[in-house]
2 protein chains.
Amino acid sequence: MTVFLVGAGPGDPELLTLKAARLLASADVVVHDALVGDGVLAMIPDGTELIDVGKRPGRPVTQELISTLLVQLGRAGRRVVRLKGGDPFVFGRGGEEAAALRDAGVAFEVVPGISSAVAAPAAAGVPVTHRGVAAAFTVVTGHRQAGEPDVDWRSLAAVGGTIVVLMGVAQRGAIAAELIAGGLDTATPVAAVHSATTDGQVTARCRLDELATTEVRSP
Amino acid sequence: MTVFLVGAGPGDPELLTLKAARLLASADVVVHDALVGDGVLAMIPDGTELIDVGKRPGRPVTQELISTLLVQLGRAGRRVVRLKGGDPFVFGRGGEEAAALRDAGVAFEVVPGISSAVAAPAAAGVPVTHRGVAAAFTVVTGHRQAGEPDVDWRSLAAVGGTIVVLMGVAQRGAIAAELIAGGLDTATPVAAVHSATTDGQVTARCRLDELATTEVRSP
């Protein structure tokens, strides 16, 4: 049996793919993250087993445990959907789960989803590329984890495209300072988007040099 | 009437969003690009007017003409879907069409789609981010157009994440040389993906210093 690593999109349940909807409708068990929206979870038929492996403060779930669970469910012949917020391969740790399944000899397939990295700027009216303005965009995490290489913010400032920072609320002041040190104009426009594409979306706009003191909600 | 700027996804019609499928089912007229896959076009009901504005060699369609067409159709009260390959705001010129509609006072809404920038690497088994390996990814066009700022490939090499080059087949030798000059290892692994997520997908793999001489198909 194939384990499907499926992207749930940015929040709006209508931004689920047809393939994700089909797989959810026929799954035996859905293993989901905290970032998957309630509207998407509501689309899963009654009777489907739901396993919430969302990491939350005070309730750590190790990545190794999740990978072991997926291997066990796959080996048991269950129809498994591993449902992840956004896209499985964009800061979704999907690469690690895919590697664990491959190492265990369990068949798997990755089903991409719409990443909030693109959908959140779009929902705020910001094209990540625009002719004559931005010929590139970089998606980067503002949240450093042990074992992650450091981000070279000053080089990133020199690249000259749109910069999308995920999980950057806590470090926004330090990130803005590094980008300015790398040559970005202090007046560079910034949009900070919370709960993008949902009814609760909040967008804050400011200049880069105001980002540290601008109130931004964390997910 | 609202004009919908809709992403058609990377090729596989099942990677369309539920929202895109709903809008296509009720559209009066669909204005589409050459990059929209045949499988997606086949989902549009008979009787819907299809306008192909795809740019092809020897048959240039100016962006201004497309924007004017969308404004006219929107003002005429037609139910318009502007269907673009991938995502409208990722190298889709969607920003220009949105600006033209806004300037003309025609209501519009952007419906994101899955960009090949993420789906093509995934379909080749490459997560664009991976813990301990890549904490960022940059999406950049290899095809320079008049009025576009140059890409600073050497700074990009210093950023230290995955680099996704769209429309880069013709310039792949020059791009590889610049990235190596910027500090990337000559043995950096490269995957070149053609017709990603479709039955005709072709993936070529090589080292960065072999890219210039590796055969890669252009769309």
# chains A, B, ... in the order shown; residues from 1 in each chain; ligands from 1
call {"tool": "closest_atom_pairs", "arguments": {"of": "chain B", "to": "chain A", "cutoff": "8 Å", "atoms": "only C-alpha atoms", "output": "tab-separated table"}}
result
residue	atom	partner	partner_atom	distance
B:Glu14	CA	A:Lys19	CA	5.0
B:Leu15	CA	A:Thr17	CA	5.2
B:Leu16	CA	A:Thr17	CA	5.4
B:Thr17	CA	A:Thr17	CA	4.1
B:Leu18	CA	A:Glu14	CA	5.1
B:Lys19	CA	A:Glu14	CA	5.0
B:Phe89	CA	A:Pro127	CA	4.7
B:Val90	CA	A:Thr129	CA	5.7
B:Phe91	CA	A:Thr129	CA	5.8
B:Arg93	CA	A:His130	CA	6.7
B:Gly94	CA	A:Pro127	CA	7.5
B:Gly95	CA	A:Pro127	CA	5.6
B:Glu96	CA	A:His130	CA	7.5
B:Val110	CA	A:Ala122	CA	7.2
B:Pro112	CA	A:Ala119	CA	6.1
B:Gly113	CA	A:Ile114	CA	6.5
B:Ile114	CA	A:Ile114	CA	5.2
B:Ser115	CA	A:Ile114	CA	7.9
B:Val118	CA	A:Val90	CA	7.9
B:Ala119	CA	A:Pro112	CA	6.1
B:Ala122	CA	A:Phe89	CA	6.9
B:Ala123	CA	A:Val110	CA	7.7
B:Val126	CA	A:Gly95	CA	7.9
B:Pro127	CA	A:Phe89	CA	4.7
B:Val128	CA	A:Phe89	CA	6.1
B:Thr129	CA	A:Val90	CA	5.7
B:His130	CA	A:Gly95	CA	6.2
B:Arg131	CA	A:Glu148	CA	6.0
B:Gly132	CA	A:Glu148	CA	4.3
B:Val133	CA	A:Glu148	CA	7.0
B:Ala134	CA	A:Pro149	CA	7.3
B:Ala135	CA	A:Val140	CA	6.2
B:Ala136	CA	A:Val140	CA	4.2
B:Phe137	CA	A:Val139	CA	5.4
B:Thr138	CA	A:Thr138	CA	4.0
B:Val139	CA	A:Phe137	CA	5.4
B:Val140	CA	A:Ala136	CA	4.2
B:Thr141	CA	A:Ala135	CA	6.3
B:Gly147	CA	A:Gly132	CA	5.1
B:Glu148	CA	A:Gly132	CA	4.3
B:Pro149	CA	A:Gly132	CA	6.1
B:Asp150	CA	A:Ala135	CA	7.8
B:Val151	CA	A:Val159	CA	6.7
B:Asp152	CA	A:Val159	CA	5.3
B:Trp153	CA	A:Val159	CA	7.4
B:Ser155	CA	A:Ser155	CA	5.3
B:Leu156	CA	A:Val159	CA	5.7
B:Ala158	CA	A:Ser155	CA	6.1
B:Val159	CA	A:Asp152	CA	5.3
B:Gly160	CA	A:Val151	CA	7.2
call {"tool": "write_last_selection", "arguments": {"atoms": "C-alpha atoms", "output": "PDB file, in the first residue's frame"}}
result
ATOM      1  CA  GLU B  14      -5.648  16.433 -10.615  1.00  0.00           C
ATOM      2  CA  LEU B  15      -3.346  19.115  -9.210  1.00  0.00           C
ATOM      3  CA  LEU B  16      -5.929  21.768  -9.997  1.00  0.00           C
ATOM      4  CA  THR B  17      -7.531  23.262  -6.874  1.00  0.00           C
ATOM      5  CA  LEU B  18     -11.158  22.642  -5.969  1.00  0.00           C
ATOM      6  CA  LYS B  19     -11.755  26.375  -6.418  1.00  0.00           C
ATOM      7  CA  PHE B  89       1.919  35.431  -9.437  1.00  0.00           C
ATOM      8  CA  VAL B  90       5.005  33.235 -10.073  1.00  0.00           C
ATOM      9  CA  PHE B  91       6.435  34.368 -13.417  1.00  0.00           C
ATOM     10  CA  ARG B  93       2.634  38.145 -15.477  1.00  0.00           C
ATOM     11  CA  GLY B  94      -0.427  38.021 -13.224  1.00  0.00           C
ATOM     12  CA  GLY B  95       0.727  41.148 -11.430  1.00  0.00           C
ATOM     13  CA  GLU B  96       0.495  43.142 -14.641  1.00  0.00           C
ATOM     14  CA  VAL B 110      -6.401  35.871  -7.673  1.00  0.00           C
ATOM     15  CA  PRO B 112      -3.310  30.572  -6.508  1.00  0.00           C
ATOM     16  CA  GLY B 113      -2.189  27.395  -8.242  1.00  0.00           C
ATOM     17  CA  ILE B 114       0.620  24.963  -7.610  1.00  0.00           C
ATOM     18  CA  SER B 115       3.752  26.386  -9.189  1.00  0.00           C
ATOM     19  CA  VAL B 118       8.032  23.610  -6.317  1.00  0.00           C
ATOM     20  CA  ALA B 119       6.120  20.768  -7.975  1.00  0.00           C
ATOM     21  CA  ALA B 122       9.113  17.373  -5.913  1.00  0.00           C
ATOM     22  CA  ALA B 123       8.197  15.255  -8.935  1.00  0.00           C
ATOM     23  CA  VAL B 126      13.898  16.764  -4.593  1.00  0.00           C
ATOM     24  CA  PRO B 127      12.567  18.592  -1.517  1.00  0.00           C
ATOM     25  CA  VAL B 128      13.408  22.284  -2.007  1.00  0.00           C
ATOM     26  CA  THR B 129      14.083  22.542   1.718  1.00  0.00           C
ATOM     27  CA  HIS B 130      15.598  19.827   3.868  1.00  0.00           C
ATOM     28  CA  ARG B 131      16.694  19.966   7.473  1.00  0.00           C
ATOM     29  CA  GLY B 132      20.441  20.400   7.792  1.00  0.00           C
ATOM     30  CA  VAL B 133      20.875  20.793   4.018  1.00  0.00           C
ATOM     31  CA  ALA B 134      18.781  23.680   2.692  1.00  0.00           C
ATOM     32  CA  ALA B 135      17.053  26.278   4.886  1.00  0.00           C
ATOM     33  CA  ALA B 136      15.996  28.372   1.893  1.00  0.00           C
ATOM     34  CA  PHE B 137      15.179  28.114  -1.779  1.00  0.00           C
ATOM     35  CA  THR B 138      15.238  30.714  -4.514  1.00  0.00           C
ATOM     36  CA  VAL B 139      13.122  30.655  -7.652  1.00  0.00           C
ATOM     37  CA  VAL B 140      14.602  32.647 -10.498  1.00  0.00           C
ATOM     38  CA  THR B 141      14.122  33.028 -14.218  1.00  0.00           C
ATOM     39  CA  GLY B 147      13.317  45.809 -18.590  1.00  0.00           C
ATOM     40  CA  GLU B 148      14.101  42.981 -16.167  1.00  0.00           C
ATOM     41  CA  PRO B 149      16.830  43.585 -13.581  1.00  0.00           C
ATOM     42  CA  ASP B 150      19.819  41.274 -13.909  1.00  0.00           C
ATOM     43  CA  VAL B 151      20.052  38.327 -11.541  1.00  0.00           C
ATOM     44  CA  ASP B 152      23.097  38.432  -9.268  1.00  0.00           C
ATOM     45  CA  TRP B 153      24.007  34.733  -9.613  1.00  0.00           C
ATOM     46  CA  SER B 155      25.280  36.448  -4.543  1.00  0.00           C
ATOM     47  CA  LEU B 156      22.690  33.767  -5.062  1.00  0.00           C
ATOM     48  CA  ALA B 158      26.374  32.573  -1.431  1.00  0.00           C
ATOM     49  CA  VAL B 159      22.820  32.322  -0.029  1.00  0.00           C
ATOM     50  CA  GLY B 160      23.241  28.588   0.390  1.00  0.00           C
TER      51      GLY B 160
END
call {"tool": "select_by_dssp", "arguments": {"residues": "region 160-213 of chain A", "states": "alpha helix (DSSP H)", "output": "PyMOL selection string"}}
result
chain A and resi 172-181
call {"tool": "atom_distance", "arguments": {"atom1": "CA of Val193 (chain A)", "atom2": "CA of Pro57 (chain A)"}}
result
22.0 Å
call {"tool": "residues_around", "arguments": {"residues": "Leu41 (chain B)", "least_positions_apart": "3", "cutoff": "10 Å", "atoms": "only C-alpha atoms", "output": "list in words"}}
result
Ala8, Pro13, Leu24, Val30, His32, Val36, Gly37, Asp38, Ile44, Pro45, Leu50 and Leu83 of chain B
call {"tool": "closest_residue", "arguments": {"among": "A:Pro189, A:Gly58, A:Gly105, A:Gly47", "to": "Arg75 (chain A)", "atoms": "only C-alpha atoms"}}
result
A:Gly105
call {"tool": "select_by_dssp", "arguments": {"residues": "region 91-129 of chain A", "states": "strand (DSSP E or B)", "output": "list in words"}}
result
Phe108, Glu109, Val110 and Val111 of chain A
call {"tool": "residues_around", "arguments": {"residues": "Val3 (chain A)", "least_positions_apart": "2", "cutoff": "7 Å", "atoms": "only C-alpha atoms", "output": "compact mmCIF listing (two decimals) with C-alpha atoms, in the first residue's frame"}}
result
# COMPACT_ATOMS: atom_id res chain seq x y z
CA MET A 1 0.00 0.00 0.00
CA LEU A 5 2.45 12.63 1.67
CA GLY A 74 2.10 1.64 5.68
CA ARG A 79 -4.67 3.55 3.26
CA VAL A 80 -2.61 6.34 4.80
CA VAL A 81 -2.69 10.06 4.04
CA ALA A 107 5.97 2.76 -1.15
CA PHE A 108 5.08 6.44 -1.00
CA GLU A 109 3.99 9.28 -3.24
call {"tool": "atom_distance", "arguments": {"atom1": "CA of Thr68 (chain B)", "atom2": "CA of Gly7 (chain B)"}}
result
19.7 Å
call {"tool": "atom_distance", "arguments": {"atom1": "CA of Thr186 (chain A)", "atom2": "CA of Glu210 (chain A)"}}
result
8.5 Å
call {"tool": "closest_residue", "arguments": {"among": "A:Ala42, A:Leu69, A:Gly77, A:Thr62", "to": "Asp28 (chain A)", "atoms": "only C-alpha atoms"}}
result
A:Gly77
call {"tool": "residues_around", "arguments": {"residues": "region 169-171 of chain A", "least_positions_apart": "3", "cutoff": "8 Å", "atoms": "only C-alpha atoms", "output": "PyMOL selection string"}}
result
chain A and resi 142-143+174-175+216-218
call {"tool": "closest_residue", "arguments": {"among": "B:Leu23, B:Val61, B:Ala104, B:Gly39", "to": "Asp199 (chain B)", "atoms": "only C-alpha atoms"}}
result
B:Gly39
